[in-house]
Amino acid sequence: MSNQLVIRNMTRPELDELVDWAAREGWNPGLHDAELFWATDPAAFIAASRGGELIGGGAITSYNGEFGFMGFFIVRPEYRGQGLGDTLWHARRERLLARLRPGASIGMDGVFAMQDYYAKGGFVFSHRNMRFRADLTARPTTSQVDGQDIVPLASFPFDQVVDYDRTCFPAARASFLSGWIAQADALAVGCRRAGRLSGYGVVRHCREGYKIGPLFADDTLAANALYARLAEFAEGGPLFLDAPENNPAAMALVHQQGMLEVFGCARMYLGPPPAIAHERVFGVTTFELG
């Protein structure tokens with residue numbers, strides 16, 4: 001076989017392999033991430049192979065051509081430092097640009113050590129998304145959540161969920177949400193005020209413990225009430241939440257809940273930063289698909 005690097009679309013079994021690599025890197029994927037990610041956008045998963053062997057991959061998710069997200073970028077350790085990852089990353093960027101309408105922005109969450117590299121590729125720093133951990137040795141703090149009506153998210157019409165999500169995410173993503181909020185080994189809840197949705201959150205079982213994502217809410221009261229219910233589902237933990245540093249209320253929530261910072265990524269954009277309600281984003285959905 002040729003030893004030339006081949007950039008191509010990934011097969012479904014290869015995505016399972018990529019998720020296993022992510023687990024070994026400490027990214028702690030959800031139990032059903034592969035099937036949910038694939039259902040969202042099968043064309044998003046790009047492989048790099050040499051001599052018929054998978055050596056790297058990543059996602060270039062397109063949300064209706066309106067917004068793109070680059071994530072899940074992994075090269076096998078023995079192939080790093082040879083320029084192969086650089087070739088794969090630039091090929092993915094160009095392929096994603098071709099999948100979007102002219103002028104659409106691309107987001108990514110990159111590890112801090114790679115921030116300068118991504119900047120050379122045109123991405124501009126926006127803020128940090130920080131991963132926090134709680135071991136749930138005690139019940140979550142529930143002060144100031146009285147009167148918040150936390151109910152199964154399925155109690156709300158799906159269109160309301162999509163519309164609320166759109167205020168916190170740069171594009172509508174009904175296809176993704178339909179699977180994400182109904183996945184097995186997970187809980188999706190909403191906060192109801194005066195009959196309307198004022199926030200929602202999802203917690204899913206991961207290789208280690210549980211992870212909340214997203215956690216979107218009108219304000220701190222709703223966010224804390226949602227967190228408390230999601231944490232109950234993850235009793236025994238550990239529980240993880242990826243909170244954006246550009247929302248002071250999100251930082252206050254993780255400290256109030258006694259969570260400890262364990263990891264972080266730089267949120268960066270190629271193109272104009274999206275106009276979303278940052279004050280509603282208490283926890284991002286995933287570092288892989290945005």
# chains A, B, ... in the order shown; residues from 1 in each chain; ligands from 1

call {"tool": "residues_around", "arguments": {"residues": "range 130-132 of chain A", "least_positions_apart": "3", "cutoff": "8 Å", "atoms": "only C-alpha atoms", "output": "list in words"}}
result
Phe240, Leu241, Asp242, Ala243, Pro244, Glu245, Val254, Met259, Leu260, Glu261, Val262, Phe263, Gly264 and Cys265 of chain A

call {"tool": "closest_atom_pairs", "arguments": {"of": "range 119-225 of chain A", "to": "range 36-60 of chain A", "cutoff": "9 Å", "atoms": "only C-alpha atoms", "output": "CSV"}}
result
residue,atom,partner,partner_atom,distance
A:Arg173,CA,A:Thr40,CA,8.7
A:Ser175,CA,A:Thr40,CA,6.0
A:Phe176,CA,A:Thr40,CA,5.0
A:Leu177,CA,A:Thr40,CA,8.7
A:Gly179,CA,A:Leu36,CA,6.4
A:Trp180,CA,A:Leu36,CA,6.7
A:Gln183,CA,A:Leu36,CA,8.1

call {"tool": "write_last_selection", "arguments": {"atoms": "N, CA and C atoms", "output": "PDB file, in the first residue's frame"}}
result
ATOM      1  N   ARG A 173     -30.379  23.813  15.623  1.00  0.00           N
ATOM      2  CA  ARG A 173     -29.813  22.460  15.538  1.00  0.00           C
ATOM      3  C   ARG A 173     -30.842  21.422  15.996  1.00  0.00           C
ATOM      4  N   SER A 175     -31.975  18.764  14.489  1.00  0.00           N
ATOM      5  CA  SER A 175     -31.582  17.372  14.274  1.00  0.00           C
ATOM      6  C   SER A 175     -30.721  16.869  15.426  1.00  0.00           C
ATOM      7  N   PHE A 176     -29.742  17.659  15.823  1.00  0.00           N
ATOM      8  CA  PHE A 176     -28.894  17.277  16.948  1.00  0.00           C
ATOM      9  C   PHE A 176     -29.711  17.143  18.225  1.00  0.00           C
ATOM     10  N   LEU A 177     -30.548  18.144  18.524  1.00  0.00           N
ATOM     11  CA  LEU A 177     -31.274  18.165  19.789  1.00  0.00           C
ATOM     12  C   LEU A 177     -32.254  17.011  19.906  1.00  0.00           C
ATOM     13  N   GLY A 179     -32.021  13.973  19.104  1.00  0.00           N
ATOM     14  CA  GLY A 179     -31.354  12.803  19.660  1.00  0.00           C
ATOM     15  C   GLY A 179     -30.729  13.065  21.003  1.00  0.00           C
ATOM     16  N   TRP A 180     -30.149  14.248  21.162  1.00  0.00           N
ATOM     17  CA  TRP A 180     -29.388  14.567  22.378  1.00  0.00           C
ATOM     18  C   TRP A 180     -30.264  14.548  23.620  1.00  0.00           C
ATOM     19  N   GLN A 183     -31.511  10.825  24.579  1.00  0.00           N
ATOM     20  CA  GLN A 183     -30.550   9.727  24.626  1.00  0.00           C
ATOM     21  C   GLN A 183     -30.723   8.881  25.885  1.00  0.00           C
TER      22      GLN A 183
END

call {"tool": "select_by_dssp", "arguments": {"residues": "range 144-221 of chain A", "states": "helix (DSSP H, G or I)", "output": "MDAnalysis selection string"}}
result
chainID A and resid 153:155 158:168 174:180 220:221

call {"tool": "write_last_selection", "arguments": {"atoms": "N, CA and C atoms", "output": "mmCIF file, in the first residue's frame"}}
result
data_model
loop_
_atom_site.group_PDB
_atom_site.id
_atom_site.type_symbol
_atom_site.label_atom_id
_atom_site.label_comp_id
_atom_site.auth_asym_id
_atom_site.auth_seq_id
_atom_site.Cartn_x
_atom_site.Cartn_y
_atom_site.Cartn_z
ATOM 1 N N LEU A 153 -37.953 17.709 30.218
ATOM 2 C CA LEU A 153 -37.920 18.596 29.054
ATOM 3 C C LEU A 153 -38.966 18.190 28.021
ATOM 4 N N ALA A 154 -39.313 16.930 28.000
ATOM 5 C CA ALA A 154 -40.334 16.455 27.062
ATOM 6 C C ALA A 154 -41.706 17.055 27.355
ATOM 7 N N SER A 155 -41.865 17.723 28.509
ATOM 8 C CA SER A 155 -43.129 18.397 28.823
ATOM 9 C C SER A 155 -43.368 19.601 27.926
ATOM 10 N N PHE A 158 -41.374 20.504 21.346
ATOM 11 C CA PHE A 158 -39.988 20.472 20.862
ATOM 12 C C PHE A 158 -39.603 21.790 20.204
ATOM 13 N N ASP A 159 -40.529 22.427 19.523
ATOM 14 C CA ASP A 159 -40.229 23.705 18.867
ATOM 15 C C ASP A 159 -39.781 24.757 19.885
ATOM 16 N N GLN A 160 -40.359 24.728 21.098
ATOM 17 C CA GLN A 160 -39.948 25.677 22.130
ATOM 18 C C GLN A 160 -38.504 25.422 22.565
ATOM 19 N N VAL A 161 -38.133 24.153 22.662
ATOM 20 C CA VAL A 161 -36.767 23.799 23.035
ATOM 21 C C VAL A 161 -35.787 24.280 21.959
ATOM 22 N N VAL A 162 -36.124 24.031 20.695
ATOM 23 C CA VAL A 162 -35.264 24.466 19.595
ATOM 24 C C VAL A 162 -35.122 25.983 19.596
ATOM 25 N N ASP A 163 -36.221 26.689 19.806
ATOM 26 C CA ASP A 163 -36.177 28.157 19.802
ATOM 27 C C ASP A 163 -35.336 28.687 20.960
ATOM 28 N N TYR A 164 -35.489 28.096 22.142
ATOM 29 C CA TYR A 164 -34.696 28.553 23.290
ATOM 30 C C TYR A 164 -33.218 28.265 23.045
ATOM 31 N N ASP A 165 -32.941 27.069 22.560
ATOM 32 C CA ASP A 165 -31.555 26.686 22.285
ATOM 33 C C ASP A 165 -30.911 27.658 21.297
ATOM 34 N N ARG A 166 -31.690 28.132 20.343
ATOM 35 C CA ARG A 166 -31.146 29.022 19.310
ATOM 36 C C ARG A 166 -30.685 30.348 19.888
ATOM 37 N N THR A 167 -31.217 30.766 21.040
ATOM 38 C CA THR A 167 -30.731 32.004 21.658
ATOM 39 C C THR A 167 -29.344 31.828 22.270
ATOM 40 N N CYS A 168 -28.940 30.568 22.491
ATOM 41 C CA CYS A 168 -27.682 30.270 23.170
ATOM 42 C C CYS A 168 -26.652 29.608 22.266
ATOM 43 N N ALA A 174 -31.985 21.458 15.319
ATOM 44 C CA ALA A 174 -33.088 20.564 15.682
ATOM 45 C C ALA A 174 -32.686 19.105 15.546
ATOM 46 N N SER A 175 -31.975 18.764 14.489
ATOM 47 C CA SER A 175 -31.582 17.372 14.274
ATOM 48 C C SER A 175 -30.721 16.869 15.426
ATOM 49 N N PHE A 176 -29.742 17.659 15.823
ATOM 50 C CA PHE A 176 -28.894 17.277 16.948
ATOM 51 C C PHE A 176 -29.711 17.143 18.225
ATOM 52 N N LEU A 177 -30.548 18.144 18.524
ATOM 53 C CA LEU A 177 -31.274 18.165 19.789
ATOM 54 C C LEU A 177 -32.254 17.011 19.906
ATOM 55 N N SER A 178 -32.867 16.603 18.803
ATOM 56 C CA SER A 178 -33.865 15.539 18.873
ATOM 57 C C SER A 178 -33.266 14.263 19.448
ATOM 58 N N GLY A 179 -32.021 13.973 19.104
ATOM 59 C CA GLY A 179 -31.354 12.803 19.660
ATOM 60 C C GLY A 179 -30.729 13.065 21.003
ATOM 61 N N TRP A 180 -30.149 14.248 21.162
ATOM 62 C CA TRP A 180 -29.388 14.567 22.378
ATOM 63 C C TRP A 180 -30.264 14.548 23.620
ATOM 64 N N THR A 220 -29.546 33.036 37.216
ATOM 65 C CA THR A 220 -28.904 32.163 38.193
ATOM 66 C C THR A 220 -29.902 31.272 38.922
ATOM 67 N N LEU A 221 -31.089 31.798 39.242
ATOM 68 C CA LEU A 221 -32.088 30.997 39.935
ATOM 69 C C LEU A 221 -32.443 29.753 39.136
#

call {"tool": "select_by_dssp", "arguments": {"residues": "range 10-166 of chain A", "states": "strand (DSSP E or B)", "output": "PyMOL selection string"}}
result
chain A and resi 30+45-50+53-63+67-75+105-111+124-134+149-152

call {"tool": "residues_around", "arguments": {"residues": "range 272-283 of chain A", "least_positions_apart": "3", "cutoff": "8 Å", "atoms": "only C-alpha atoms", "output": "PyMOL selection string"}}
result
chain A and resi 105+126+167-170+212-219+223+241-244+246-247+249-250+269

call {"tool": "write_last_selection", "arguments": {"atoms": "N, CA and C atoms", "output": "compact mmCIF listing (two decimals), in the first residue's frame"}}
result
# COMPACT_ATOMS: atom_id res chain seq x y z
N SER A 105 -19.49 31.76 10.14
CA SER A 105 -18.39 31.63 11.09
C SER A 105 -18.17 30.18 11.47
N SER A 126 -11.94 34.12 21.82
CA SER A 126 -13.14 34.75 22.35
C SER A 126 -13.14 34.72 23.88
N THR A 167 -31.22 30.77 21.04
CA THR A 167 -30.73 32.00 21.66
C THR A 167 -29.34 31.83 22.27
N CYS A 168 -28.94 30.57 22.49
CA CYS A 168 -27.68 30.27 23.17
C CYS A 168 -26.65 29.61 22.27
N PHE A 169 -27.06 29.26 21.04
CA PHE A 169 -26.17 28.58 20.10
C PHE A 169 -26.27 29.30 18.76
N PRO A 170 -25.17 29.36 18.00
CA PRO A 170 -25.16 30.22 16.81
C PRO A 170 -26.04 29.79 15.64
N ILE A 212 -22.73 17.37 32.49
CA ILE A 212 -23.84 18.25 32.13
C ILE A 212 -23.48 19.02 30.87
N GLY A 213 -24.41 19.08 29.94
CA GLY A 213 -24.20 19.86 28.74
C GLY A 213 -25.36 19.66 27.76
N PRO A 214 -26.04 20.71 27.37
CA PRO A 214 -25.79 22.07 27.83
C PRO A 214 -26.49 22.37 29.16
N LEU A 215 -26.19 23.55 29.69
CA LEU A 215 -26.95 24.14 30.79
C LEU A 215 -27.21 25.58 30.40
N PHE A 216 -28.42 25.84 29.92
CA PHE A 216 -28.84 27.16 29.47
C PHE A 216 -29.98 27.64 30.37
N ALA A 217 -29.93 28.89 30.78
CA ALA A 217 -30.97 29.39 31.68
C ALA A 217 -31.07 30.91 31.61
N ASP A 218 -32.28 31.41 31.91
CA ASP A 218 -32.51 32.86 31.91
C ASP A 218 -31.65 33.57 32.94
N ASP A 219 -31.43 32.91 34.08
CA ASP A 219 -30.73 33.58 35.18
C ASP A 219 -30.19 32.54 36.16
N ALA A 223 -30.73 28.42 36.64
CA ALA A 223 -29.54 27.59 36.42
C ALA A 223 -29.24 26.72 37.64
N LEU A 241 -18.93 19.82 34.39
CA LEU A 241 -19.64 20.90 33.71
C LEU A 241 -18.61 21.79 33.05
N ASP A 242 -18.81 22.08 31.76
CA ASP A 242 -17.93 22.97 31.01
C ASP A 242 -18.55 24.36 30.97
N ALA A 243 -18.06 25.23 31.83
CA ALA A 243 -18.68 26.54 32.03
C ALA A 243 -17.88 27.64 31.34
N PRO A 244 -18.56 28.57 30.65
CA PRO A 244 -17.86 29.65 29.96
C PRO A 244 -17.44 30.76 30.91
N ASN A 246 -16.78 33.76 30.23
CA ASN A 246 -17.32 35.08 29.92
C ASN A 246 -18.73 35.29 30.47
N ASN A 247 -19.23 34.34 31.24
CA ASN A 247 -20.49 34.52 31.95
C ASN A 247 -20.20 34.49 33.45
N ALA A 249 -22.01 34.77 35.96
CA ALA A 249 -22.99 33.98 36.72
C ALA A 249 -22.67 32.49 36.66
N ALA A 250 -22.11 32.04 35.54
CA ALA A 250 -21.71 30.64 35.43
C ALA A 250 -20.54 30.34 36.35
N TYR A 269 -12.96 31.73 17.17
CA TYR A 269 -13.83 31.81 16.00
C TYR A 269 -13.03 32.25 14.78

call {"tool": "closest_residue", "arguments": {"among": "A:Glu208, A:Glu66, A:Asp16, A:Glu288", "to": "Ala234 in chain A", "atoms": "only C-alpha atoms"}}
result
A:Glu208

call {"tool": "residues_around", "arguments": {"residues": "range 111-119 of chain A", "least_positions_apart": "4", "cutoff": "6 Å", "atoms": "only C-alpha atoms", "output": "count of residues only"}}
result
4

call {"tool": "atom_distance", "arguments": {"atom1": "CA of Phe233 in chain A", "atom2": "CA of Asp20 in chain A"}}
result
25.0 Å

call {"tool": "residues_around", "arguments": {"residues": "range 94-99 of chain A", "least_positions_apart": "3", "cutoff": "10 Å", "atoms": "only C-alpha atoms", "output": "PyMOL selection string"}}
result
chain A and resi 43-44+46+59-70+89-91+102-106+270

call {"tool": "atom_distance", "arguments": {"atom1": "CA of Ala171 in chain A", "atom2": "CA of Arg196 in chain A"}}
result
21.3 Å

call {"tool": "atom_distance", "arguments": {"atom1": "CA of Pro238 in chain A", "atom2": "CA of Asp135 in chain A"}}
result
4.4 Å

call {"tool": "closest_residue", "arguments": {"among": "A:Leu197, A:Ala252, A:Leu31, A:Ile181", "to": "Tyr210 in chain A", "atoms": "only C-alpha atoms"}}
result
A:Leu31

call {"tool": "closest_residue", "arguments": {"among": "A:Arg229, A:His32, A:Arg8, A:Arg207", "to": "Ala188 in chain A", "atoms": "only C-alpha atoms"}}
result
A:Arg229

call {"tool": "decode", "arguments": {"residues": "range 74-104 of chain A", "atoms": "N, CA and C atoms", "output": "PDB file, in the first residue's frame"}}
result
ATOM      1  N   ILE A  74      -7.813  14.623  16.708  1.00  0.00           N
ATOM      2  CA  ILE A  74      -6.873  13.706  17.357  1.00  0.00           C
ATOM      3  C   ILE A  74      -5.944  13.094  16.320  1.00  0.00           C
ATOM      4  N   VAL A  75      -4.672  13.032  16.647  1.00  0.00           N
ATOM      5  CA  VAL A  75      -3.688  12.262  15.879  1.00  0.00           C
ATOM      6  C   VAL A  75      -3.068  11.256  16.840  1.00  0.00           C
ATOM      7  N   ARG A  76      -2.924  10.037  16.400  1.00  0.00           N
ATOM      8  CA  ARG A  76      -2.334   9.020  17.259  1.00  0.00           C
ATOM      9  C   ARG A  76      -0.939   9.450  17.719  1.00  0.00           C
ATOM     10  N   PRO A  77      -0.616   9.217  18.984  1.00  0.00           N
ATOM     11  CA  PRO A  77       0.637   9.741  19.556  1.00  0.00           C
ATOM     12  C   PRO A  77       1.881   9.423  18.749  1.00  0.00           C
ATOM     13  N   GLU A  78       1.969   8.237  18.185  1.00  0.00           N
ATOM     14  CA  GLU A  78       3.190   7.857  17.468  1.00  0.00           C
ATOM     15  C   GLU A  78       3.354   8.582  16.138  1.00  0.00           C
ATOM     16  N   TYR A  79       2.301   9.293  15.690  1.00  0.00           N
ATOM     17  CA  TYR A  79       2.382  10.020  14.416  1.00  0.00           C
ATOM     18  C   TYR A  79       2.449  11.532  14.623  1.00  0.00           C
ATOM     19  N   ARG A  80       2.550  11.971  15.860  1.00  0.00           N
ATOM     20  CA  ARG A  80       2.608  13.399  16.117  1.00  0.00           C
ATOM     21  C   ARG A  80       4.018  13.935  15.862  1.00  0.00           C
ATOM     22  N   GLY A  81       4.097  15.237  15.591  1.00  0.00           N
ATOM     23  CA  GLY A  81       5.384  15.871  15.358  1.00  0.00           C
ATOM     24  C   GLY A  81       5.970  15.631  13.990  1.00  0.00           C
ATOM     25  N   GLN A  82       5.168  15.108  13.063  1.00  0.00           N
ATOM     26  CA  GLN A  82       5.651  14.820  11.713  1.00  0.00           C
ATOM     27  C   GLN A  82       4.968  15.684  10.654  1.00  0.00           C
ATOM     28  N   GLY A  83       4.144  16.628  11.092  1.00  0.00           N
ATOM     29  CA  GLY A  83       3.438  17.491  10.155  1.00  0.00           C
ATOM     30  C   GLY A  83       2.146  16.898   9.626  1.00  0.00           C
ATOM     31  N   LEU A  84       1.822  15.676  10.019  1.00  0.00           N
ATOM     32  CA  LEU A  84       0.615  15.023   9.513  1.00  0.00           C
ATOM     33  C   LEU A  84      -0.637  15.680  10.089  1.00  0.00           C
ATOM     34  N   GLY A  85      -0.585  16.018  11.373  1.00  0.00           N
ATOM     35  CA  GLY A  85      -1.719  16.695  11.988  1.00  0.00           C
ATOM     36  C   GLY A  85      -1.964  18.060  11.378  1.00  0.00           C
ATOM     37  N   ASP A  86      -0.895  18.758  11.016  1.00  0.00           N
ATOM     38  CA  ASP A  86      -1.023  20.064  10.369  1.00  0.00           C
ATOM     39  C   ASP A  86      -1.752  19.925   9.031  1.00  0.00           C
ATOM     40  N   THR A  87      -1.381  18.911   8.265  1.00  0.00           N
ATOM     41  CA  THR A  87      -2.045  18.665   6.980  1.00  0.00           C
ATOM     42  C   THR A  87      -3.517  18.352   7.185  1.00  0.00           C
ATOM     43  N   LEU A  88      -3.803  17.501   8.161  1.00  0.00           N
ATOM     44  CA  LEU A  88      -5.196  17.131   8.443  1.00  0.00           C
ATOM     45  C   LEU A  88      -5.992  18.341   8.909  1.00  0.00           C
ATOM     46  N   TRP A  89      -5.424  19.154   9.817  1.00  0.00           N
ATOM     47  CA  TRP A  89      -6.179  20.287  10.351  1.00  0.00           C
ATOM     48  C   TRP A  89      -6.542  21.284   9.254  1.00  0.00           C
ATOM     49  N   HIS A  90      -5.580  21.621   8.396  1.00  0.00           N
ATOM     50  CA  HIS A  90      -5.864  22.583   7.325  1.00  0.00           C
ATOM     51  C   HIS A  90      -6.841  22.013   6.302  1.00  0.00           C
ATOM     52  N   ALA A  91      -6.747  20.716   6.035  1.00  0.00           N
ATOM     53  CA  ALA A  91      -7.701  20.092   5.108  1.00  0.00           C
ATOM     54  C   ALA A  91      -9.113  20.142   5.682  1.00  0.00           C
ATOM     55  N   ARG A  92      -9.236  19.927   6.975  1.00  0.00           N
ATOM     56  CA  ARG A  92     -10.546  19.990   7.621  1.00  0.00           C
ATOM     57  C   ARG A  92     -11.106  21.410   7.571  1.00  0.00           C
ATOM     58  N   ARG A  93     -10.269  22.384   7.829  1.00  0.00           N
ATOM     59  CA  ARG A  93     -10.744  23.775   7.782  1.00  0.00           C
ATOM     60  C   ARG A  93     -11.272  24.122   6.399  1.00  0.00           C
ATOM     61  N   GLU A  94     -10.541  23.744   5.360  1.00  0.00           N
ATOM     62  CA  GLU A  94     -10.968  24.078   4.001  1.00  0.00           C
ATOM     63  C   GLU A  94     -12.241  23.324   3.629  1.00  0.00           C
ATOM     64  N   ARG A  95     -12.339  22.075   4.037  1.00  0.00           N
ATOM     65  CA  ARG A  95     -13.550  21.301   3.749  1.00  0.00           C
ATOM     66  C   ARG A  95     -14.762  21.900   4.454  1.00  0.00           C
ATOM     67  N   LEU A  96     -14.578  22.364   5.671  1.00  0.00           N
ATOM     68  CA  LEU A  96     -15.705  22.945   6.395  1.00  0.00           C
ATOM     69  C   LEU A  96     -16.123  24.272   5.777  1.00  0.00           C
ATOM     70  N   LEU A  97     -15.174  25.095   5.400  1.00  0.00           N
ATOM     71  CA  LEU A  97     -15.517  26.350   4.728  1.00  0.00           C
ATOM     72  C   LEU A  97     -16.345  26.091   3.478  1.00  0.00           C
ATOM     73  N   ALA A  98     -16.025  25.028   2.762  1.00  0.00           N
ATOM     74  CA  ALA A  98     -16.758  24.687   1.544  1.00  0.00           C
ATOM     75  C   ALA A  98     -18.175  24.190   1.851  1.00  0.00           C
ATOM     76  N   ARG A  99     -18.417  23.756   3.094  1.00  0.00           N
ATOM     77  CA  ARG A  99     -19.729  23.249   3.468  1.00  0.00           C
ATOM     78  C   ARG A  99     -20.644  24.358   3.992  1.00  0.00           C
ATOM     79  N   LEU A 100     -20.113  25.561   4.180  1.00  0.00           N
ATOM     80  CA  LEU A 100     -20.871  26.651   4.777  1.00  0.00           C
ATOM     81  C   LEU A 100     -21.207  27.718   3.746  1.00  0.00           C
ATOM     82  N   ARG A 101     -22.215  28.497   4.025  1.00  0.00           N
ATOM     83  CA  ARG A 101     -22.529  29.631   3.156  1.00  0.00           C
ATOM     84  C   ARG A 101     -21.418  30.671   3.277  1.00  0.00           C
ATOM     85  N   PRO A 102     -21.207  31.504   2.278  1.00  0.00           N
ATOM     86  CA  PRO A 102     -20.158  32.532   2.363  1.00  0.00           C
ATOM     87  C   PRO A 102     -20.393  33.451   3.560  1.00  0.00           C
ATOM     88  N   GLY A 103     -19.334  33.683   4.318  1.00  0.00           N
ATOM     89  CA  GLY A 103     -19.417  34.572   5.465  1.00  0.00           C
ATOM     90  C   GLY A 103     -19.803  33.903   6.767  1.00  0.00           C
ATOM     91  N   ALA A 104     -20.161  32.611   6.733  1.00  0.00           N
ATOM     92  CA  ALA A 104     -20.521  31.912   7.967  1.00  0.00           C
ATOM     93  C   ALA A 104     -19.282  31.731   8.844  1.00  0.00           C
TER      94      ALA A 104
END
